$ cat upload.cif   # mmCIF, N, CA and C atoms
data_my_file
#
loop_
_atom_site.label_atom_id
_atom_site.label_comp_id
_atom_site.auth_asym_id
_atom_site.auth_seq_id
_atom_site.Cartn_x
_atom_site.Cartn_y
_atom_site.Cartn_z
N MET M 1 0.84 -1.18 0.00
CA MET M 1 0.00 0.00 0.00
C MET M 1 0.89 1.25 0.00
N ASP M 2 0.45 2.24 -0.72
CA ASP M 2 1.15 3.52 -0.78
C ASP M 2 1.30 4.08 0.64
N PRO M 3 2.50 4.50 1.03
CA PRO M 3 2.72 5.01 2.39
C PRO M 3 1.84 6.22 2.74
N PHE M 4 1.59 7.08 1.76
CA PHE M 4 0.72 8.23 2.00
C PHE M 4 -0.70 7.79 2.33
N ILE M 5 -1.21 6.83 1.57
CA ILE M 5 -2.56 6.32 1.82
C ILE M 5 -2.62 5.66 3.20
N GLN M 6 -1.59 4.92 3.55
CA GLN M 6 -1.56 4.29 4.88
C GLN M 6 -1.57 5.36 5.98
N GLU M 7 -0.83 6.42 5.74
CA GLU M 7 -0.80 7.53 6.71
C GLU M 7 -2.20 8.13 6.89
N LEU M 8 -2.91 8.34 5.78
CA LEU M 8 -4.26 8.87 5.87
C LEU M 8 -5.20 7.91 6.59
N LYS M 9 -5.08 6.63 6.29
CA LYS M 9 -5.91 5.63 6.97
C LYS M 9 -5.62 5.61 8.47
N ASP M 10 -4.35 5.71 8.83
CA ASP M 10 -3.99 5.74 10.25
C ASP M 10 -4.59 6.97 10.93
N GLU M 11 -4.57 8.09 10.24
CA GLU M 11 -5.16 9.30 10.80
C GLU M 11 -6.68 9.16 10.94
N HIS M 12 -7.31 8.50 9.98
CA HIS M 12 -8.75 8.25 10.09
C HIS M 12 -9.05 7.45 11.36
N GLN M 13 -8.28 6.40 11.58
CA GLN M 13 -8.51 5.57 12.76
C GLN M 13 -8.25 6.35 14.05
N GLU M 14 -7.22 7.17 14.03
CA GLU M 14 -6.91 8.00 15.20
C GLU M 14 -8.07 8.96 15.48
N MET M 15 -8.61 9.56 14.43
CA MET M 15 -9.72 10.49 14.59
C MET M 15 -10.96 9.78 15.14
N LEU M 16 -11.25 8.60 14.62
CA LEU M 16 -12.42 7.86 15.10
C LEU M 16 -12.24 7.42 16.56
N LYS M 17 -11.03 7.02 16.93
CA LYS M 17 -10.78 6.67 18.33
C LYS M 17 -10.94 7.89 19.23
N PHE M 18 -10.46 9.02 18.76
CA PHE M 18 -10.58 10.26 19.52
C PHE M 18 -12.05 10.61 19.72
N LEU M 19 -12.85 10.48 18.67
CA LEU M 19 -14.28 10.76 18.76
C LEU M 19 -14.96 9.82 19.74
N LYS M 20 -14.54 8.57 19.74
CA LYS M 20 -15.12 7.60 20.68
C LYS M 20 -14.81 8.01 22.13
N LYS M 21 -13.56 8.44 22.37
CA LYS M 21 -13.20 8.92 23.71
C LYS M 21 -14.02 10.15 24.08
N LEU M 22 -14.17 11.04 23.11
CA LEU M 22 -14.94 12.26 23.34
C LEU M 22 -16.39 11.92 23.69
N SER M 23 -16.92 10.89 23.06
CA SER M 23 -18.31 10.51 23.32
C SER M 23 -18.52 9.99 24.74
N LYS M 24 -17.44 9.62 25.40
CA LYS M 24 -17.54 9.12 26.78
C LYS M 24 -17.47 10.25 27.80
N LEU M 25 -17.12 11.45 27.34
CA LEU M 25 -17.07 12.59 28.25
C LEU M 25 -18.48 13.12 28.50
N ALA M 26 -18.71 13.55 29.72
CA ALA M 26 -19.96 14.22 30.03
C ALA M 26 -19.90 15.62 29.43
N PRO M 27 -21.04 16.17 29.04
CA PRO M 27 -21.03 17.52 28.47
C PRO M 27 -20.38 18.55 29.39
N GLN M 28 -20.43 18.33 30.70
CA GLN M 28 -19.85 19.27 31.65
C GLN M 28 -18.40 18.95 31.99
N ASP M 29 -17.84 17.91 31.42
CA ASP M 29 -16.47 17.50 31.73
C ASP M 29 -15.50 18.65 31.42
N LYS M 30 -14.58 18.89 32.35
CA LYS M 30 -13.63 19.99 32.18
C LYS M 30 -12.71 19.79 30.98
N ASN M 31 -12.54 18.56 30.51
CA ASN M 31 -11.68 18.27 29.36
C ASN M 31 -12.40 18.39 28.01
N ARG M 32 -13.70 18.59 28.06
CA ARG M 32 -14.49 18.63 26.83
C ARG M 32 -14.03 19.75 25.90
N LEU M 33 -13.87 20.95 26.44
CA LEU M 33 -13.51 22.09 25.60
C LEU M 33 -12.13 21.90 24.96
N SER M 34 -11.14 21.49 25.73
CA SER M 34 -9.81 21.29 25.15
C SER M 34 -9.83 20.14 24.15
N SER M 35 -10.62 19.11 24.42
CA SER M 35 -10.73 17.99 23.49
C SER M 35 -11.36 18.41 22.17
N LEU M 36 -12.36 19.25 22.23
CA LEU M 36 -13.00 19.74 21.01
C LEU M 36 -12.03 20.62 20.21
N ASN M 37 -11.26 21.43 20.89
CA ASN M 37 -10.27 22.25 20.19
C ASN M 37 -9.18 21.38 19.57
N GLN M 38 -8.79 20.32 20.27
CA GLN M 38 -7.82 19.36 19.72
C GLN M 38 -8.39 18.72 18.46
N LEU M 39 -9.64 18.32 18.54
CA LEU M 39 -10.31 17.69 17.39
C LEU M 39 -10.35 18.66 16.21
N ARG M 40 -10.70 19.89 16.47
CA ARG M 40 -10.76 20.90 15.41
C ARG M 40 -9.41 21.02 14.70
N GLY M 41 -8.33 21.08 15.46
CA GLY M 41 -6.99 21.19 14.89
C GLY M 41 -6.59 19.95 14.12
N PHE M 42 -6.87 18.79 14.68
CA PHE M 42 -6.52 17.53 14.02
C PHE M 42 -7.23 17.40 12.68
N VAL M 43 -8.53 17.66 12.69
CA VAL M 43 -9.31 17.54 11.45
C VAL M 43 -8.85 18.56 10.42
N ALA M 44 -8.58 19.78 10.84
CA ALA M 44 -8.11 20.81 9.91
C ALA M 44 -6.79 20.40 9.27
N ASP M 45 -5.87 19.87 10.07
CA ASP M 45 -4.58 19.42 9.53
C ASP M 45 -4.75 18.26 8.55
N HIS M 46 -5.62 17.32 8.91
CA HIS M 46 -5.85 16.16 8.07
C HIS M 46 -6.47 16.58 6.73
N LEU M 47 -7.47 17.44 6.78
CA LEU M 47 -8.12 17.88 5.55
C LEU M 47 -7.16 18.69 4.67
N ALA M 48 -6.31 19.49 5.30
CA ALA M 48 -5.33 20.25 4.53
C ALA M 48 -4.36 19.32 3.81
N LYS M 49 -3.98 18.24 4.48
CA LYS M 49 -3.07 17.26 3.87
C LYS M 49 -3.75 16.60 2.66
N GLU M 50 -5.02 16.22 2.83
CA GLU M 50 -5.76 15.62 1.71
C GLU M 50 -5.89 16.62 0.56
N ASP M 51 -6.22 17.86 0.90
CA ASP M 51 -6.39 18.89 -0.14
C ASP M 51 -5.11 19.14 -0.91
N LYS M 52 -3.98 19.04 -0.23
CA LYS M 52 -2.70 19.33 -0.87
C LYS M 52 -2.12 18.13 -1.61
N GLN M 53 -2.31 16.91 -1.07
CA GLN M 53 -1.59 15.76 -1.61
C GLN M 53 -2.48 14.69 -2.26
N LEU M 54 -3.75 14.64 -1.91
CA LEU M 54 -4.61 13.59 -2.44
C LEU M 54 -5.45 14.10 -3.63
N TYR M 55 -6.17 15.18 -3.41
CA TYR M 55 -7.16 15.61 -4.39
C TYR M 55 -6.60 16.21 -5.68
N PRO M 56 -5.50 16.95 -5.65
CA PRO M 56 -5.05 17.52 -6.93
C PRO M 56 -4.81 16.47 -8.03
N GLY M 57 -4.19 15.37 -7.69
CA GLY M 57 -3.97 14.31 -8.68
C GLY M 57 -5.26 13.68 -9.15
N LEU M 58 -6.19 13.48 -8.21
CA LEU M 58 -7.48 12.89 -8.59
C LEU M 58 -8.26 13.84 -9.49
N ILE M 59 -8.23 15.12 -9.16
CA ILE M 59 -8.95 16.11 -9.97
C ILE M 59 -8.36 16.17 -11.37
N GLN M 60 -7.06 16.12 -11.46
CA GLN M 60 -6.41 16.14 -12.77
C GLN M 60 -6.80 14.91 -13.59
N ARG M 61 -6.79 13.75 -12.96
CA ARG M 61 -7.17 12.52 -13.68
C ARG M 61 -8.64 12.52 -14.05
N ALA M 62 -9.47 13.19 -13.26
CA ALA M 62 -10.91 13.23 -13.53
C ALA M 62 -11.23 14.00 -14.81
N GLU M 63 -10.30 14.82 -15.27
CA GLU M 63 -10.52 15.54 -16.53
C GLU M 63 -10.64 14.57 -17.70
N GLU M 64 -10.04 13.39 -17.56
CA GLU M 64 -10.09 12.39 -18.64
C GLU M 64 -10.86 11.13 -18.25
N ASP M 65 -11.34 11.08 -17.01
CA ASP M 65 -12.04 9.89 -16.50
C ASP M 65 -13.41 10.33 -15.99
N ARG M 66 -14.42 10.14 -16.82
CA ARG M 66 -15.78 10.59 -16.49
C ARG M 66 -16.30 9.97 -15.19
N ASP M 67 -16.05 8.69 -14.99
CA ASP M 67 -16.51 8.02 -13.77
C ASP M 67 -15.88 8.65 -12.53
N LEU M 68 -14.59 8.94 -12.62
CA LEU M 68 -13.91 9.57 -11.49
C LEU M 68 -14.47 10.96 -11.25
N LYS M 69 -14.78 11.68 -12.30
CA LYS M 69 -15.35 13.03 -12.16
C LYS M 69 -16.69 12.96 -11.42
N ILE M 70 -17.52 12.00 -11.77
CA ILE M 70 -18.82 11.83 -11.10
C ILE M 70 -18.61 11.53 -9.61
N ILE M 71 -17.66 10.64 -9.32
CA ILE M 71 -17.35 10.28 -7.94
C ILE M 71 -16.87 11.51 -7.17
N LEU M 72 -15.96 12.28 -7.74
CA LEU M 72 -15.43 13.46 -7.06
C LEU M 72 -16.50 14.53 -6.86
N ASP M 73 -17.36 14.72 -7.85
CA ASP M 73 -18.45 15.69 -7.70
C ASP M 73 -19.37 15.31 -6.55
N TYR M 74 -19.73 14.02 -6.49
CA TYR M 74 -20.58 13.55 -5.40
C TYR M 74 -19.87 13.73 -4.06
N TYR M 75 -18.62 13.37 -4.02
CA TYR M 75 -17.85 13.44 -2.79
C TYR M 75 -17.75 14.88 -2.29
N GLN M 76 -17.54 15.84 -3.20
CA GLN M 76 -17.44 17.24 -2.79
C GLN M 76 -18.75 17.73 -2.18
N LYS M 77 -19.87 17.36 -2.77
CA LYS M 77 -21.17 17.74 -2.20
C LYS M 77 -21.36 17.11 -0.83
N HIS M 78 -21.01 15.85 -0.72
CA HIS M 78 -21.14 15.14 0.55
C HIS M 78 -20.22 15.75 1.61
N MET M 79 -19.02 16.12 1.22
CA MET M 79 -18.06 16.72 2.15
C MET M 79 -18.56 18.06 2.66
N ARG M 80 -19.20 18.83 1.82
CA ARG M 80 -19.75 20.11 2.28
C ARG M 80 -20.77 19.88 3.38
N LYS M 81 -21.61 18.87 3.21
CA LYS M 81 -22.62 18.57 4.23
C LYS M 81 -21.95 18.14 5.53
N ILE M 82 -20.95 17.29 5.44
CA ILE M 82 -20.25 16.84 6.64
C ILE M 82 -19.49 18.00 7.27
N GLY M 83 -18.86 18.82 6.44
CA GLY M 83 -18.16 19.99 6.96
C GLY M 83 -19.09 20.92 7.71
N ASP M 84 -20.27 21.15 7.14
CA ASP M 84 -21.26 22.00 7.81
C ASP M 84 -21.71 21.37 9.12
N LEU M 85 -21.95 20.07 9.10
CA LEU M 85 -22.37 19.36 10.31
C LEU M 85 -21.30 19.48 11.39
N ALA M 86 -20.05 19.27 11.02
CA ALA M 86 -18.95 19.35 11.98
C ALA M 86 -18.81 20.78 12.52
N GLN M 87 -18.88 21.75 11.62
CA GLN M 87 -18.75 23.15 12.05
C GLN M 87 -19.89 23.54 12.98
N ASN M 88 -21.10 23.14 12.65
CA ASN M 88 -22.25 23.43 13.51
C ASN M 88 -22.09 22.78 14.87
N PHE M 89 -21.59 21.54 14.88
CA PHE M 89 -21.37 20.84 16.14
C PHE M 89 -20.36 21.61 16.99
N LEU M 90 -19.24 21.98 16.38
CA LEU M 90 -18.20 22.69 17.13
C LEU M 90 -18.69 24.06 17.60
N ASP M 91 -19.39 24.78 16.75
CA ASP M 91 -19.93 26.08 17.14
C ASP M 91 -20.89 25.96 18.31
N LYS M 92 -21.69 24.93 18.27
CA LYS M 92 -22.71 24.74 19.31
C LYS M 92 -22.12 24.24 20.63
N HIS M 93 -21.09 23.40 20.56
CA HIS M 93 -20.64 22.71 21.77
C HIS M 93 -19.22 23.06 22.22
N ALA M 94 -18.52 23.93 21.52
CA ALA M 94 -17.14 24.23 21.90
C ALA M 94 -17.03 25.44 22.82
N GLY M 95 -18.16 25.94 23.28
CA GLY M 95 -18.13 27.05 24.23
C GLY M 95 -17.96 26.51 25.65
N GLU M 96 -17.99 27.42 26.59
CA GLU M 96 -17.82 27.02 27.99
C GLU M 96 -18.91 26.03 28.43
N GLN M 97 -20.11 26.21 27.94
CA GLN M 97 -21.20 25.30 28.28
C GLN M 97 -21.62 24.51 27.04
N ALA M 98 -21.60 23.21 27.16
CA ALA M 98 -22.04 22.38 26.03
C ALA M 98 -23.55 22.47 25.91
N GLY M 99 -24.01 22.36 24.70
CA GLY M 99 -25.45 22.34 24.49
C GLY M 99 -26.06 21.08 25.08
N ALA M 100 -27.34 21.14 25.33
CA ALA M 100 -28.03 20.00 25.92
C ALA M 100 -27.98 18.77 25.02
N ASP M 101 -27.78 18.98 23.73
CA ASP M 101 -27.79 17.88 22.78
C ASP M 101 -26.38 17.38 22.44
N PHE M 102 -25.41 17.65 23.29
CA PHE M 102 -24.02 17.29 23.02
C PHE M 102 -23.87 15.84 22.59
N LYS M 103 -24.37 14.91 23.39
CA LYS M 103 -24.20 13.48 23.10
C LYS M 103 -24.91 13.09 21.81
N LYS M 104 -26.12 13.56 21.63
CA LYS M 104 -26.90 13.23 20.43
C LYS M 104 -26.22 13.80 19.18
N ASP M 105 -25.77 15.04 19.26
CA ASP M 105 -25.12 15.67 18.12
C ASP M 105 -23.79 14.99 17.80
N LEU M 106 -23.05 14.61 18.84
CA LEU M 106 -21.78 13.93 18.63
C LEU M 106 -22.00 12.57 17.98
N LYS M 107 -23.01 11.87 18.42
CA LYS M 107 -23.32 10.56 17.84
C LYS M 107 -23.63 10.69 16.35
N LYS M 108 -24.38 11.72 16.00
CA LYS M 108 -24.72 11.97 14.59
C LYS M 108 -23.46 12.29 13.79
N LEU M 109 -22.59 13.14 14.35
CA LEU M 109 -21.34 13.49 13.68
C LEU M 109 -20.47 12.26 13.47
N ILE M 110 -20.35 11.42 14.48
CA ILE M 110 -19.55 10.20 14.38
C ILE M 110 -20.10 9.30 13.28
N ARG M 111 -21.40 9.14 13.23
CA ARG M 111 -22.02 8.29 12.21
C ARG M 111 -21.70 8.80 10.80
N PHE M 112 -21.81 10.10 10.60
CA PHE M 112 -21.51 10.67 9.29
C PHE M 112 -20.02 10.53 8.96
N LEU M 113 -19.15 10.78 9.93
CA LEU M 113 -17.71 10.68 9.68
C LEU M 113 -17.28 9.25 9.39
N LYS M 114 -17.86 8.29 10.09
CA LYS M 114 -17.54 6.88 9.81
C LYS M 114 -17.90 6.54 8.38
N GLY M 115 -19.06 7.00 7.92
CA GLY M 115 -19.47 6.75 6.55
C GLY M 115 -18.53 7.40 5.56
N ARG M 116 -18.13 8.62 5.85
CA ARG M 116 -17.21 9.34 4.98
C ARG M 116 -15.87 8.64 4.90
N VAL M 117 -15.36 8.23 6.04
CA VAL M 117 -14.06 7.54 6.09
C VAL M 117 -14.13 6.25 5.28
N LEU M 118 -15.17 5.47 5.49
CA LEU M 118 -15.32 4.21 4.75
C LEU M 118 -15.37 4.49 3.25
N TRP M 119 -16.17 5.45 2.86
CA TRP M 119 -16.33 5.78 1.44
C TRP M 119 -15.00 6.25 0.86
N GLU M 120 -14.32 7.11 1.59
CA GLU M 120 -13.04 7.62 1.10
C GLU M 120 -12.02 6.50 0.95
N GLU M 121 -11.93 5.65 1.96
CA GLU M 121 -10.93 4.58 1.93
C GLU M 121 -11.25 3.53 0.87
N GLU M 122 -12.50 3.20 0.71
CA GLU M 122 -12.88 2.15 -0.24
C GLU M 122 -12.88 2.63 -1.68
N ILE M 123 -13.25 3.87 -1.90
CA ILE M 123 -13.41 4.35 -3.28
C ILE M 123 -12.29 5.29 -3.69
N LEU M 124 -12.12 6.38 -2.97
CA LEU M 124 -11.13 7.38 -3.41
C LEU M 124 -9.70 6.87 -3.29
N PHE M 125 -9.39 6.17 -2.22
CA PHE M 125 -8.02 5.68 -2.07
C PHE M 125 -7.71 4.65 -3.14
N ALA M 126 -8.70 3.86 -3.50
CA ALA M 126 -8.49 2.88 -4.58
C ALA M 126 -8.23 3.61 -5.90
N LYS M 127 -8.96 4.69 -6.15
CA LYS M 127 -8.74 5.48 -7.37
C LYS M 127 -7.36 6.13 -7.35
N PHE M 128 -6.94 6.59 -6.18
CA PHE M 128 -5.62 7.22 -6.04
C PHE M 128 -4.53 6.21 -6.38
N ALA M 129 -4.73 4.95 -5.99
CA ALA M 129 -3.71 3.91 -6.18
C ALA M 129 -3.62 3.43 -7.63
N GLN M 130 -4.63 3.71 -8.43
CA GLN M 130 -4.64 3.25 -9.83
C GLN M 130 -3.60 3.97 -10.66
#

$ encode --input "upload.cif" --output "structure tokens"
Amino acid sequence: MDPFIQELKDEHQEMLKFLKKLSKLAPQDKNRLSSLNQLRGFVADHLAKEDKQLYPGLIQRAEEDRDLKIILDYYQKHMRKIGDLAQNFLDKHAGEQAGADFKKDLKKLIRFLKGRVLWEEEILFAKFAQ
């Protein structure tokens, strides 16, 4: 497996483990705020890495590969939805007081991110390796 792809997969697993730990925190836990800020930084770094090293090559290849273009178009729309969901979650719960729906909102975010990770690893990473 390409070392870069393995690195991204490892980061996905690290992010999902972090989210699982976060889901065990009570909304009033003193570590919640710092954990959310850590998550924000980790995700931003990961997405920047993908934007810089993964997507440019795929986008270039999609100019000649109609199927890949369709996949990337769908993925970009899906990513916007997940990005909005994540941003809304952080805006709502990263203040001094977590919203009453912290656990429910986090569970929804985790579900969407797991789906995104699976989709990215199964489809986009395979396209990257071709």

$ closest_residue --input "upload.cif" --among "M:Ala100, M:Leu54, M:Ala48, M:Leu39" --to "Phe4 in chain M" --atoms "only C-alpha atoms"
M:Leu54

$ residues_around --input "upload.cif" --residues "Ala94 in chain M" --least-positions-apart "4" --cutoff "8 Å" --atoms "all atoms listed in the file" --output "list in words"
Arg32, Leu33, Ser34, Leu36, Asn37, Asn88, Phe89, Leu90, Ala98 and Gly99 of chain M

$ atom_distance --input "upload.cif" --atom1 "CA of Leu106 in chain M" --atom2 "CA of Leu72 in chain M"
26.5 Å

$ closest_residue --input "upload.cif" --among "M:Leu25, M:Leu113, M:Leu16, M:Ile5" --to "Ile82 in chain M" --atoms "only N, CA and C atoms"
M:Leu113

$ atom_distance --input "upload.cif" --atom1 "CA of Gln76 in chain M" --atom2 "CA of Ala44 in chain M"
16.2 Å

$ build_atoms --input "upload.cif" --residues "range 112-123 of chain M" --atoms "N, CA, C and O atoms" --output "compact mmCIF listing (two decimals), keeping the file's coordinate frame"
# COMPACT_ATOMS: atom_id res chain seq x y z
N PHE M 112 -21.81 10.10 10.60
CA PHE M 112 -21.51 10.67 9.29
C PHE M 112 -20.02 10.53 8.96
O PHE M 112 -19.66 10.21 7.83
N LEU M 113 -19.15 10.78 9.93
CA LEU M 113 -17.71 10.68 9.68
C LEU M 113 -17.28 9.25 9.39
O LEU M 113 -16.43 9.02 8.53
N LYS M 114 -17.86 8.29 10.09
CA LYS M 114 -17.54 6.88 9.81
C LYS M 114 -17.90 6.54 8.38
O LYS M 114 -17.14 5.86 7.68
N GLY M 115 -19.06 7.00 7.92
CA GLY M 115 -19.47 6.75 6.55
C GLY M 115 -18.53 7.40 5.56
O GLY M 115 -18.14 6.81 4.55
N ARG M 116 -18.13 8.62 5.85
CA ARG M 116 -17.21 9.34 4.98
C ARG M 116 -15.87 8.64 4.90
O ARG M 116 -15.30 8.47 3.83
N VAL M 117 -15.36 8.23 6.04
CA VAL M 117 -14.06 7.54 6.09
C VAL M 117 -14.13 6.25 5.28
O VAL M 117 -13.24 5.96 4.47
N LEU M 118 -15.17 5.47 5.49
CA LEU M 118 -15.32 4.21 4.75
C LEU M 118 -15.37 4.49 3.25
O LEU M 118 -14.68 3.83 2.47
N TRP M 119 -16.17 5.45 2.86
CA TRP M 119 -16.33 5.78 1.44
C TRP M 119 -15.00 6.25 0.86
O TRP M 119 -14.60 5.82 -0.22
N GLU M 120 -14.32 7.11 1.59
CA GLU M 120 -13.04 7.62 1.10
C GLU M 120 -12.02 6.50 0.95
O GLU M 120 -11.34 6.40 -0.07
N GLU M 121 -11.93 5.65 1.96
CA GLU M 121 -10.93 4.58 1.93
C GLU M 121 -11.25 3.53 0.87
O GLU M 121 -10.35 3.03 0.20
N GLU M 122 -12.50 3.20 0.71
CA GLU M 122 -12.88 2.15 -0.24
C GLU M 122 -12.88 2.63 -1.68
O GLU M 122 -12.55 1.87 -2.59
N ILE M 123 -13.25 3.87 -1.90
CA ILE M 123 -13.41 4.35 -3.28
C ILE M 123 -12.29 5.29 -3.69
O ILE M 123 -11.57 5.02 -4.66
